[in-house]
$ cat input_7.pdb   # PDB, C-alpha atoms
MODEL        1
ATOM      1  CA  MET A   1     187.802  39.193 106.301
ATOM      2  CA  THR A   2     185.555  39.583 103.277
ATOM      3  CA  THR A   3     185.960  41.514 100.060
ATOM      4  CA  ASP A   4     184.080  44.733  99.259
ATOM      5  CA  THR A   5     181.431  42.604  97.564
ATOM      6  CA  GLY A   6     180.930  40.554 100.709
ATOM      7  CA  GLU A   7     182.626  37.471  99.238
ATOM      8  CA  PRO A   8     183.782  35.064 101.965
ATOM      9  CA  THR A   9     187.559  34.987 102.392
ATOM     10  CA  LEU A  10     188.072  33.734 105.970
ATOM     11  CA  THR A  11     189.674  30.344 106.415
ATOM     12  CA  ILE A  12     188.350  28.149 109.192
ATOM     13  CA  ASP A  13     191.358  29.065 111.359
ATOM     14  CA  GLU A  14     190.764  32.784 110.811
ATOM     15  CA  LEU A  15     187.041  32.417 111.493
ATOM     16  CA  ALA A  16     187.696  30.574 114.758
ATOM     17  CA  ALA A  17     190.233  33.189 115.867
ATOM     18  CA  ARG A  18     187.887  36.078 115.063
ATOM     19  CA  ALA A  19     184.984  34.398 116.882
ATOM     20  CA  GLY A  20     187.085  33.437 119.898
ATOM     21  CA  VAL A  21     186.353  29.709 119.550
ATOM     22  CA  THR A  22     188.317  26.655 118.461
ATOM     23  CA  VAL A  23     188.415  25.170 114.982
ATOM     24  CA  ARG A  24     186.946  22.014 116.485
ATOM     25  CA  THR A  25     183.966  24.041 117.731
ATOM     26  CA  VAL A  26     183.378  25.551 114.279
ATOM     27  CA  ARG A  27     183.408  22.095 112.713
ATOM     28  CA  PHE A  28     181.086  20.749 115.399
ATOM     29  CA  TYR A  29     178.570  23.536 114.801
ATOM     30  CA  GLY A  30     178.786  22.818 111.090
ATOM     31  CA  THR A  31     177.969  19.130 111.552
ATOM     32  CA  LYS A  32     175.004  20.080 113.785
ATOM     33  CA  GLY A  33     173.649  22.440 111.135
ATOM     34  CA  LEU A  34     174.161  25.532 113.284
ATOM     35  CA  LEU A  35     176.491  27.030 110.672
ATOM     36  CA  PRO A  36     175.925  26.983 106.903
ATOM     37  CA  PRO A  37     178.647  25.222 104.897
ATOM     38  CA  PRO A  38     181.581  27.313 103.677
ATOM     39  CA  VAL A  39     182.112  28.376 100.095
ATOM     40  CA  LEU A  40     184.610  25.998  98.508
ATOM     41  CA  GLY A  41     187.497  27.683  96.735
ATOM     42  CA  PRO A  42     190.535  26.356  94.849
ATOM     43  CA  ARG A  43     191.753  22.973  96.114
ATOM     44  CA  ARG A  44     188.410  22.675  97.921
ATOM     45  CA  VAL A  45     189.502  25.010 100.710
ATOM     46  CA  GLY A  46     186.482  26.288 102.625
ATOM     47  CA  HIS A  47     185.981  30.045 102.950
ATOM     48  CA  TYR A  48     183.713  31.758 105.466
ATOM     49  CA  GLY A  49     182.213  35.243 105.575
ATOM     50  CA  ARG A  50     180.459  37.823 107.738
ATOM     51  CA  GLU A  51     177.323  35.696 108.070
ATOM     52  CA  HIS A  52     179.290  32.831 109.639
ATOM     53  CA  LEU A  53     180.966  35.207 112.075
ATOM     54  CA  ALA A  54     177.650  36.840 112.992
ATOM     55  CA  ARG A  55     176.010  33.450 113.489
ATOM     56  CA  LEU A  56     178.822  32.339 115.812
ATOM     57  CA  ALA A  57     178.345  35.539 117.842
ATOM     58  CA  LEU A  58     174.613  34.790 118.102
ATOM     59  CA  ILE A  59     175.305  31.221 119.251
ATOM     60  CA  GLU A  60     177.718  32.541 121.881
ATOM     61  CA  GLU A  61     175.082  34.990 123.143
ATOM     62  CA  LEU A  62     172.468  32.226 123.380
ATOM     63  CA  GLN A  63     174.939  30.146 125.376
ATOM     64  CA  HIS A  64     175.500  33.062 127.749
ATOM     65  CA  GLN A  65     171.757  33.054 128.367
ATOM     66  CA  GLY A  66     172.074  29.462 129.559
ATOM     67  CA  MET A  67     170.393  27.933 126.514
ATOM     68  CA  THR A  68     171.195  24.286 125.837
ATOM     69  CA  LEU A  69     172.531  23.061 122.508
ATOM     70  CA  ALA A  70     169.120  21.610 121.676
ATOM     71  CA  GLY A  71     167.506  24.952 122.519
ATOM     72  CA  ILE A  72     169.991  26.800 120.306
ATOM     73  CA  GLU A  73     169.230  24.394 117.454
ATOM     74  CA  ARG A  74     165.494  25.069 117.822
ATOM     75  CA  TYR A  75     166.066  28.827 117.961
ATOM     76  CA  LEU A  76     168.233  28.881 114.837
ATOM     77  CA  ARG A  77     165.855  26.605 112.907
ATOM     78  CA  GLN A  78     163.140  29.236 113.352
ATOM     79  CA  LEU A  79     165.274  31.870 111.602
ATOM     80  CA  PRO A  80     165.223  32.339 107.811
ATOM     81  CA  PRO A  81     168.236  30.488 106.364
ATOM     82  CA  ASP A  82     169.398  33.447 104.264
ATOM     83  CA  LEU A  83     169.693  36.084 107.013
ATOM     84  CA  SER A  84     172.442  38.637 106.411
ATOM     85  CA  ALA A  85     175.151  39.431 108.949
ATOM     86  CA  ARG A  86     173.279  42.642 109.762
ATOM     87  CA  ASP A  87     170.032  40.782 110.448
ATOM     88  CA  LEU A  88     171.858  38.239 112.619
ATOM     89  CA  ALA A  89     173.407  41.109 114.587
ATOM     90  CA  VAL A  90     169.900  42.440 115.269
ATOM     91  CA  HIS A  91     168.830  39.042 116.590
ATOM     92  CA  ARG A  92     171.923  38.914 118.793
ATOM     93  CA  ALA A  93     171.127  42.388 120.143
ATOM     94  CA  VAL A  94     167.637  41.222 121.065
ATOM     95  CA  VAL A  95     169.023  38.158 122.835
ATOM     96  CA  ALA A  96     171.621  40.255 124.660
ATOM     97  CA  SER A  97     168.863  42.535 125.930
ATOM     98  CA  TRP A  98     167.372  39.627 127.912
ATOM     99  CA  ALA A  99     170.439  39.419 130.136
ATOM    100  CA  PRO A 100     171.119  41.628 133.166
ATOM    101  CA  ASP A 101     174.014  44.072 132.959
ATOM    102  CA  THR A 102     177.198  42.046 133.373
ATOM    103  CA  VAL A 103     180.563  43.535 134.293
ATOM    104  CA  GLU A 104     183.501  41.198 134.783
ATOM    105  CA  THR A 105     187.140  41.799 135.623
ATOM    106  CA  VAL A 106     189.263  40.179 132.916
ATOM    107  CA  THR A 107     192.947  39.930 132.115
ATOM    108  CA  ARG A 108     194.342  41.329 128.870
ATOM    109  CA  GLU A 109     194.539  37.792 127.464
ATOM    110  CA  GLU A 110     190.925  37.033 128.411
ATOM    111  CA  LEU A 111     189.856  40.403 127.013
ATOM    112  CA  GLU A 112     191.320  39.573 123.617
ATOM    113  CA  ARG A 113     189.728  36.123 123.710
ATOM    114  CA  ARG A 114     186.316  37.669 124.444
ATOM    115  CA  ALA A 115     186.889  40.278 121.727
ATOM    116  CA  GLY A 116     187.884  37.606 119.213
ATOM    117  CA  ARG A 117     190.887  39.581 117.995
ATOM    118  CA  PRO A 118     194.180  41.121 119.139
ATOM    119  CA  LEU A 119     193.801  44.562 120.721
ATOM    120  CA  GLY A 120     196.546  47.150 120.473
ATOM    121  CA  HIS A 121     197.175  49.899 123.001
ATOM    122  CA  GLU A 122     195.150  52.393 120.949
ATOM    123  CA  ASP A 123     192.262  49.917 120.645
ATOM    124  CA  VAL A 124     192.106  49.484 124.417
ATOM    125  CA  GLU A 125     192.239  53.251 124.941
ATOM    126  CA  ARG A 126     189.279  53.718 122.572
ATOM    127  CA  LEU A 127     187.290  51.016 124.373
ATOM    128  CA  VAL A 128     188.023  52.736 127.675
ATOM    129  CA  ALA A 129     186.908  56.071 126.206
ATOM    130  CA  MET A 130     183.667  54.446 124.985
ATOM    131  CA  GLY A 131     182.909  53.211 128.489
ATOM    132  CA  VAL A 132     183.252  49.560 127.472
ATOM    133  CA  LEU A 133     186.352  49.016 129.631
ATOM    134  CA  ARG A 134     187.682  50.451 132.846
ATOM    135  CA  PRO A 135     191.239  49.757 134.098
ATOM    136  CA  ALA A 136     191.296  47.583 137.209
ATOM    137  CA  ASP A 137     193.911  45.756 139.264
ATOM    138  CA  GLY A 138     195.412  43.038 137.119
ATOM    139  CA  GLY A 139     193.303  43.802 134.075
ATOM    140  CA  TYR A 140     190.080  45.574 133.097
ATOM    141  CA  GLU A 141     186.467  45.748 134.174
ATOM    142  CA  ALA A 142     184.595  44.883 130.967
ATOM    143  CA  ASP A 143     180.938  45.569 130.226
ATOM    144  CA  LEU A 144     180.269  42.306 128.411
ATOM    145  CA  GLY A 145     177.018  43.584 126.961
ATOM    146  CA  LEU A 146     178.902  46.348 125.142
ATOM    147  CA  LEU A 147     182.172  44.576 124.364
ATOM    148  CA  ARG A 148     181.184  43.148 120.970
ATOM    149  CA  LEU A 149     179.645  46.459 119.965
ATOM    150  CA  GLY A 150     182.739  48.389 121.046
ATOM    151  CA  VAL A 151     185.091  46.023 119.215
ATOM    152  CA  GLY A 152     182.960  46.331 116.088
ATOM    153  CA  LEU A 153     183.189  50.110 116.274
ATOM    154  CA  LEU A 154     186.988  49.916 116.218
ATOM    155  CA  ASP A 155     186.798  49.104 112.492
ATOM    156  CA  VAL A 156     184.174  51.710 111.621
ATOM    157  CA  PRO A 157     185.668  54.654 109.662
ATOM    158  CA  LEU A 158     184.260  57.284 112.049
ATOM    159  CA  SER A 159     186.080  59.675 114.316
ATOM    160  CA  GLN A 160     185.889  59.214 118.069
ATOM    161  CA  GLU A 161     183.905  62.459 118.267
ATOM    162  CA  ALA A 162     181.299  61.168 115.808
ATOM    163  CA  ILE A 163     180.931  57.908 117.772
ATOM    164  CA  PHE A 164     180.421  59.835 121.021
ATOM    165  CA  ALA A 165     177.872  62.115 119.358
ATOM    166  CA  ALA A 166     176.006  59.092 117.967
ATOM    167  CA  ARG A 167     176.036  57.467 121.416
ATOM    168  CA  LYS A 168     174.532  60.615 122.938
ATOM    169  CA  VAL A 169     171.767  60.714 120.307
ATOM    170  CA  LEU A 170     170.925  57.025 120.825
ATOM    171  CA  ILE A 171     170.839  57.307 124.626
ATOM    172  CA  GLU A 172     168.669  60.427 124.609
ATOM    173  CA  HIS A 173     166.140  59.062 122.131
ATOM    174  CA  SER A 174     166.028  55.556 123.604
ATOM    175  CA  ARG A 175     165.371  56.978 127.069
ATOM    176  CA  ALA A 176     162.608  59.177 125.689
ATOM    177  CA  ALA A 177     161.031  56.193 123.910
ATOM    178  CA  ALA A 178     161.341  54.032 127.043
ATOM    179  CA  ARG A 179     159.715  56.749 129.155
ATOM    180  CA  GLU A 180     156.758  57.175 126.789
ATOM    181  CA  LEU A 181     156.241  53.424 126.389
ATOM    182  CA  SER A 182     156.431  52.934 130.153
ATOM    183  CA  GLN A 183     153.753  55.570 130.702
ATOM    184  CA  LEU A 184     151.582  53.946 128.036
ATOM    185  CA  PHE A 185     151.868  50.501 129.649
ATOM    186  CA  ARG A 186     151.287  51.900 133.136
ATOM    187  CA  GLY A 187     148.002  53.363 132.006
ATOM    188  CA  GLU A 188     147.033  50.028 130.488
ATOM    189  CA  VAL A 189     147.723  47.978 133.653
ATOM    190  CA  ALA A 190     146.912  50.523 136.339
ATOM    191  CA  GLU A 191     143.848  48.618 137.539
ATOM    192  CA  ARG A 192     145.327  45.127 137.319
ATOM    193  CA  ASP A 193     146.748  42.811 139.944
ATOM    194  CA  ALA A 194     150.442  43.250 140.776
ATOM    195  CA  ARG A 195     151.210  39.740 139.498
ATOM    196  CA  ASP A 196     149.652  40.572 136.157
ATOM    197  CA  VAL A 197     151.811  43.695 135.942
ATOM    198  CA  ARG A 198     154.998  41.720 136.604
ATOM    199  CA  SER A 199     153.986  39.082 134.072
ATOM    200  CA  LEU A 200     153.269  41.730 131.432
ATOM    201  CA  SER A 201     156.633  43.381 132.094
ATOM    202  CA  ALA A 202     158.507  40.090 131.705
ATOM    203  CA  HIS A 203     156.773  39.333 128.402
ATOM    204  CA  MET A 204     156.911  42.852 126.993
ATOM    205  CA  GLN A 205     160.590  43.635 127.477
ATOM    206  CA  PRO A 206     162.035  41.346 124.753
ATOM    207  CA  LEU A 207     159.121  42.132 122.427
ATOM    208  CA  VAL A 208     159.537  45.889 122.813
ATOM    209  CA  VAL A 209     163.310  45.641 122.304
ATOM    210  CA  GLN A 210     162.822  43.617 119.126
ATOM    211  CA  ALA A 211     160.191  46.060 117.870
ATOM    212  CA  LEU A 212     162.464  49.040 118.545
ATOM    213  CA  LEU A 213     165.437  47.406 116.861
ATOM    214  CA  THR A 214     163.406  46.400 113.803
ATOM    215  CA  ALA A 215     161.786  49.830 113.475
ATOM    216  CA  PHE A 216     165.121  51.594 113.885
ATOM    217  CA  GLN A 217     166.873  49.280 111.428
ATOM    218  CA  ARG A 218     164.257  49.962 108.750
ATOM    219  CA  SER A 219     164.210  53.702 109.425
ATOM    220  CA  LEU A 220     167.992  53.910 109.232
ATOM    221  CA  LYS A 221     167.998  51.930 105.985
ATOM    222  CA  GLU A 222     165.482  54.368 104.491
ATOM    223  CA  GLU A 223     167.434  57.423 105.670
ATOM    224  CA  LEU A 224     170.734  56.122 104.333
ATOM    225  CA  GLY A 225     169.066  55.137 101.072
ATOM    226  CA  GLU A 226     167.711  58.665 100.607
ATOM    227  CA  TRP A 227     171.074  60.190 101.518
ATOM    228  CA  LEU A 228     172.993  58.008  99.060
ATOM    229  CA  THR A 229     170.598  58.777  96.198
ATOM    230  CA  GLU A 230     170.408  62.550  96.637
ATOM    231  CA  PRO A 231     170.784  64.387  93.276
ATOM    232  CA  SER A 232     173.626  66.483  94.640
ATOM    233  CA  ARG A 233     175.676  63.362  95.426
ATOM    234  CA  GLU A 234     174.924  61.852  92.033
ATOM    235  CA  SER A 235     176.038  65.033  90.245
ATOM    236  CA  GLY A 236     179.130  65.208  92.402
ATOM    237  CA  ALA A 237     180.021  61.664  91.489
ATOM    238  CA  GLY A 238     179.907  62.515  87.802
TER     239      GLY A 238
ENDMDL
END
$ encode --input "input_7.pdb" --output "structure tokens"
Amino acid sequence: MTTDTGEPTLTIDELAARAGVTVRTVRFYGTKGLLPPPVLGPRRVGHYGREHLARLALIEELQHQGMTLAGIERYLRQLPPDLSARDLAVHRAVVASWAPDTVETVTREELERRAGRPLGHEDVERLVAMGVLRPADGGYEADLGLLRLGVGLLDVPLSQEAIFAARKVLIEHSRAAARELSQLFRGEVAERDARDVRSLSAHMQPLVVQALLTAFQRSLKEELGEWLTEPSRESGAG
């Protein structure tokens, strides 16, 4: 966990448990330069923060895509060294979008390992309600593409109703954007060879996803910034 100021307070054991990896793996990534060094506290105990956790999640996603360790090193070297946890989450979302939808049947123990944290009965019920999990014989059918997102939402101070409403808004608008972009691209490639169309589709998908995520991230930042600086909120705070 980190403080309200974002100060790292996770020990290496806590970081490994939250990320669902071993301490040995964390140390190995550190020696390879895949993770920045921890902040040294009293008695030279290393402390880790959100950025370390987000970077481990990104590495895990790259591994799921079948990328080798050397490939992961090259990918991470291309990223700015001072990316925030939020920016790293955007990169992970882009990488996750490359993969086909993956649903696996997992045991409760495997589910918690994939989630990187213990899950209580209420947590599992919320994940089921979100559509991330579905009870199955001997465990759960888990949508692995949504699992990290669902687990992250467990700690967000929003009601279940607000999360469902937000999900509906995102689905409706993303489908509308996908439909309009698809029509635009179809008009552009209508007269081309079928192989060219398939090639364009393969190249455009990750680029479009990254563009949408970046545009949405900046728009949301602007909207929240305006909301937090409204005169009415400032007067109410005084």
$ residues_around --input "input_7.pdb" --residues "stretch 137-154 of chain A" --least-positions-apart "4" --cutoff "8 Å" --atoms "only C-alpha atoms" --output "ChimeraX atom specification"
/A:96,101-108,111,115,123,126-127,130,132-133
$ resolve_selection --input "input_7.pdb" --expression "the PyMOL selection byres ((chain A and resi 167-179) around 12)" --output "number ranges by chain"
A: 129-131, 149-150, 153, 160-166, 180-186, 205, 208-209, 211-213, 216
$ resolve_selection --input "input_7.pdb" --expression "the PyMOL selection byres ((chain A and resi 34) around 10)" --output "mmCIF file with C-alpha atoms, keeping the file's coordinate frame"
data_model
loop_
_atom_site.group_PDB
_atom_site.id
_atom_site.type_symbol
_atom_site.label_atom_id
_atom_site.label_comp_id
_atom_site.auth_asym_id
_atom_site.auth_seq_id
_atom_site.Cartn_x
_atom_site.Cartn_y
_atom_site.Cartn_z
ATOM 1 C CA VAL A 26 183.378 25.551 114.279
ATOM 2 C CA ARG A 27 183.408 22.095 112.713
ATOM 3 C CA PHE A 28 181.086 20.749 115.399
ATOM 4 C CA TYR A 29 178.570 23.536 114.801
ATOM 5 C CA GLY A 30 178.786 22.818 111.090
ATOM 6 C CA THR A 31 177.969 19.130 111.552
ATOM 7 C CA LYS A 32 175.004 20.080 113.785
ATOM 8 C CA GLY A 33 173.649 22.440 111.135
ATOM 9 C CA LEU A 35 176.491 27.030 110.672
ATOM 10 C CA PRO A 36 175.925 26.983 106.903
ATOM 11 C CA PRO A 37 178.647 25.222 104.897
ATOM 12 C CA HIS A 52 179.290 32.831 109.639
ATOM 13 C CA ARG A 55 176.010 33.450 113.489
ATOM 14 C CA LEU A 56 178.822 32.339 115.812
ATOM 15 C CA ILE A 59 175.305 31.221 119.251
ATOM 16 C CA LEU A 69 172.531 23.061 122.508
ATOM 17 C CA ILE A 72 169.991 26.800 120.306
ATOM 18 C CA GLU A 73 169.230 24.394 117.454
ATOM 19 C CA ARG A 74 165.494 25.069 117.822
ATOM 20 C CA TYR A 75 166.066 28.827 117.961
ATOM 21 C CA LEU A 76 168.233 28.881 114.837
ATOM 22 C CA ARG A 77 165.855 26.605 112.907
#
$ closest_atom_pairs --input "input_7.pdb" --of "stretch 4-122 of chain A" --to "stretch 218-223 of chain A" --cutoff "12 Å" --atoms "only C-alpha atoms" --output "JSON lines"
{"residue": "A:Arg86", "atom": "CA", "partner": "A:Lys221", "partner_atom": "CA", "distance": 11.3}
{"residue": "A:Asp87", "atom": "CA", "partner": "A:Arg218", "partner_atom": "CA", "distance": 11.0}
{"residue": "A:Val90", "atom": "CA", "partner": "A:Arg218", "partner_atom": "CA", "distance": 11.4}
$ write_last_selection --input "input_7.pdb" --atoms "C-alpha atoms" --output "short mmCIF file (atom, residue, chain, number, x, y, z; two decimals), keeping the file's coordinate frame"
data_model
loop_
_atom_site.label_atom_id
_atom_site.label_comp_id
_atom_site.auth_asym_id
_atom_site.auth_seq_id
_atom_site.Cartn_x
_atom_site.Cartn_y
_atom_site.Cartn_z
CA ARG A 86 173.28 42.64 109.76
CA ASP A 87 170.03 40.78 110.45
CA VAL A 90 169.90 42.44 115.27
#
$ atom_distance --input "input_7.pdb" --atom1 "atom CA of A:Gly225" --atom2 "atom CA of A:Ser84"
17.7 Å
$ resolve_selection --input "input_7.pdb" --expression "the PyMOL selection byres ((chain A and resi 51) around 12)" --output "PyMOL selection string"
chain A and resi 1-2+6-10+15+19+34-39+47-50+52-58+81-89
$ atom_distance --input "input_7.pdb" --atom1 "atom CA of A:Glu226" --atom2 "atom CA of A:His91"
25.3 Å
$ closest_residue --input "input_7.pdb" --among "A:Glu112, A:Thr68, A:Leu79, A:Arg117" --to "A:Glu14" --atoms "all atoms listed in the file"
A:Arg117
$ atom_distance --input "input_7.pdb" --atom1 "atom CA of A:Leu158" --atom2 "atom CA of A:Arg18"
21.7 Å
$ build_atoms --input "input_7.pdb" --residues "stretch 177-188 of chain A" --atoms "all heavy atoms" --output "mmCIF file, keeping the file's coordinate frame"
data_model
loop_
_atom_site.group_PDB
_atom_site.id
_atom_site.type_symbol
_atom_site.label_atom_id
_atom_site.label_comp_id
_atom_site.auth_asym_id
_atom_site.auth_seq_id
_atom_site.Cartn_x
_atom_site.Cartn_y
_atom_site.Cartn_z
ATOM 1 N N ALA A 177 161.957 57.229 124.358
ATOM 2 C CA ALA A 177 161.031 56.193 123.910
ATOM 3 C C ALA A 177 160.642 55.274 125.063
ATOM 4 O O ALA A 177 159.465 54.911 125.220
ATOM 5 C CB ALA A 177 161.661 55.377 122.782
ATOM 6 N N ALA A 178 161.626 54.903 125.899
ATOM 7 C CA ALA A 178 161.341 54.032 127.043
ATOM 8 C C ALA A 178 160.383 54.719 128.011
ATOM 9 O O ALA A 178 159.466 54.082 128.557
ATOM 10 C CB ALA A 178 162.641 53.663 127.748
ATOM 11 N N ARG A 179 160.580 56.009 128.229
ATOM 12 C CA ARG A 179 159.715 56.749 129.155
ATOM 13 C C ARG A 179 158.279 56.796 128.643
ATOM 14 O O ARG A 179 157.326 56.544 129.385
ATOM 15 C CB ARG A 179 160.264 58.163 129.331
ATOM 16 C CG ARG A 179 159.580 58.965 130.441
ATOM 17 C CD ARG A 179 160.204 60.334 130.602
ATOM 18 N NE ARG A 179 161.635 60.243 130.869
ATOM 19 C CZ ARG A 179 162.584 60.613 130.024
ATOM 20 N NH1 ARG A 179 162.245 61.114 128.835
ATOM 21 N NH2 ARG A 179 163.855 60.498 130.336
ATOM 22 N N GLU A 180 158.110 57.086 127.356
ATOM 23 C CA GLU A 180 156.758 57.175 126.789
ATOM 24 C C GLU A 180 156.067 55.813 126.758
ATOM 25 O O GLU A 180 154.870 55.695 127.061
ATOM 26 C CB GLU A 180 156.821 57.776 125.385
ATOM 27 C CG GLU A 180 157.230 59.244 125.374
ATOM 28 C CD GLU A 180 157.111 59.863 123.991
ATOM 29 O OE1 GLU A 180 156.234 59.407 123.221
ATOM 30 O OE2 GLU A 180 157.881 60.775 123.681
ATOM 31 N N LEU A 181 156.825 54.763 126.412
ATOM 32 C CA LEU A 181 156.241 53.424 126.389
ATOM 33 C C LEU A 181 155.870 52.970 127.800
ATOM 34 O O LEU A 181 154.822 52.339 128.008
ATOM 35 C CB LEU A 181 157.232 52.434 125.767
ATOM 36 C CG LEU A 181 157.420 52.534 124.253
ATOM 37 C CD1 LEU A 181 158.583 51.676 123.802
ATOM 38 C CD2 LEU A 181 156.151 52.125 123.527
ATOM 39 N N SER A 182 156.714 53.292 128.767
ATOM 40 C CA SER A 182 156.431 52.934 130.153
ATOM 41 C C SER A 182 155.141 53.591 130.635
ATOM 42 O O SER A 182 154.307 52.962 131.296
ATOM 43 C CB SER A 182 157.601 53.334 131.047
ATOM 44 O OG SER A 182 157.333 53.041 132.403
ATOM 45 N N GLN A 183 154.978 54.863 130.305
ATOM 46 C CA GLN A 183 153.753 55.570 130.702
ATOM 47 C C GLN A 183 152.525 54.965 130.026
ATOM 48 O O GLN A 183 151.457 54.837 130.636
ATOM 49 C CB GLN A 183 153.888 57.052 130.346
ATOM 50 C CG GLN A 183 154.915 57.791 131.194
ATOM 51 C CD GLN A 183 155.163 59.208 130.713
ATOM 52 O OE1 GLN A 183 154.700 59.602 129.639
ATOM 53 N NE2 GLN A 183 155.909 59.983 131.487
ATOM 54 N N LEU A 184 152.683 54.574 128.761
ATOM 55 C CA LEU A 184 151.582 53.946 128.036
ATOM 56 C C LEU A 184 151.169 52.633 128.693
ATOM 57 O O LEU A 184 149.974 52.374 128.923
ATOM 58 C CB LEU A 184 152.003 53.698 126.585
ATOM 59 C CG LEU A 184 151.012 52.923 125.698
ATOM 60 C CD1 LEU A 184 149.735 53.720 125.514
ATOM 61 C CD2 LEU A 184 151.646 52.607 124.354
ATOM 62 N N PHE A 185 152.165 51.794 129.033
ATOM 63 C CA PHE A 185 151.868 50.501 129.649
ATOM 64 C C PHE A 185 151.312 50.666 131.063
ATOM 65 O O PHE A 185 150.459 49.890 131.489
ATOM 66 C CB PHE A 185 153.119 49.624 129.667
ATOM 67 C CG PHE A 185 153.629 49.262 128.296
ATOM 68 C CD1 PHE A 185 154.985 49.122 128.050
ATOM 69 C CD2 PHE A 185 152.745 49.077 127.242
ATOM 70 C CE1 PHE A 185 155.447 48.803 126.790
ATOM 71 C CE2 PHE A 185 153.196 48.754 125.969
ATOM 72 C CZ PHE A 185 154.554 48.616 125.752
ATOM 73 N N ARG A 186 151.808 51.669 131.785
ATOM 74 C CA ARG A 186 151.287 51.900 133.136
ATOM 75 C C ARG A 186 149.800 52.224 133.099
ATOM 76 O O ARG A 186 149.029 51.747 133.936
ATOM 77 C CB ARG A 186 152.044 53.054 133.798
ATOM 78 C CG ARG A 186 153.424 52.677 134.300
ATOM 79 C CD ARG A 186 154.091 53.866 134.962
ATOM 80 N NE ARG A 186 155.445 53.546 135.399
ATOM 81 C CZ ARG A 186 156.249 54.416 136.004
ATOM 82 N NH1 ARG A 186 155.827 55.649 136.232
ATOM 83 N NH2 ARG A 186 157.469 54.044 136.377
ATOM 84 N N GLY A 187 149.409 53.036 132.129
ATOM 85 C CA GLY A 187 148.002 53.363 132.006
ATOM 86 C C GLY A 187 147.163 52.154 131.658
ATOM 87 O O GLY A 187 146.008 52.032 132.086
ATOM 88 N N GLU A 188 147.758 51.222 130.914
ATOM 89 C CA GLU A 188 147.033 50.028 130.488
ATOM 90 C C GLU A 188 146.821 49.043 131.640
ATOM 91 O O GLU A 188 145.826 48.322 131.673
ATOM 92 C CB GLU A 188 147.815 49.343 129.355
ATOM 93 C CG GLU A 188 147.089 48.201 128.673
ATOM 94 C CD GLU A 188 145.927 48.672 127.815
ATOM 95 O OE1 GLU A 188 145.881 49.877 127.482
ATOM 96 O OE2 GLU A 188 145.068 47.841 127.498
#
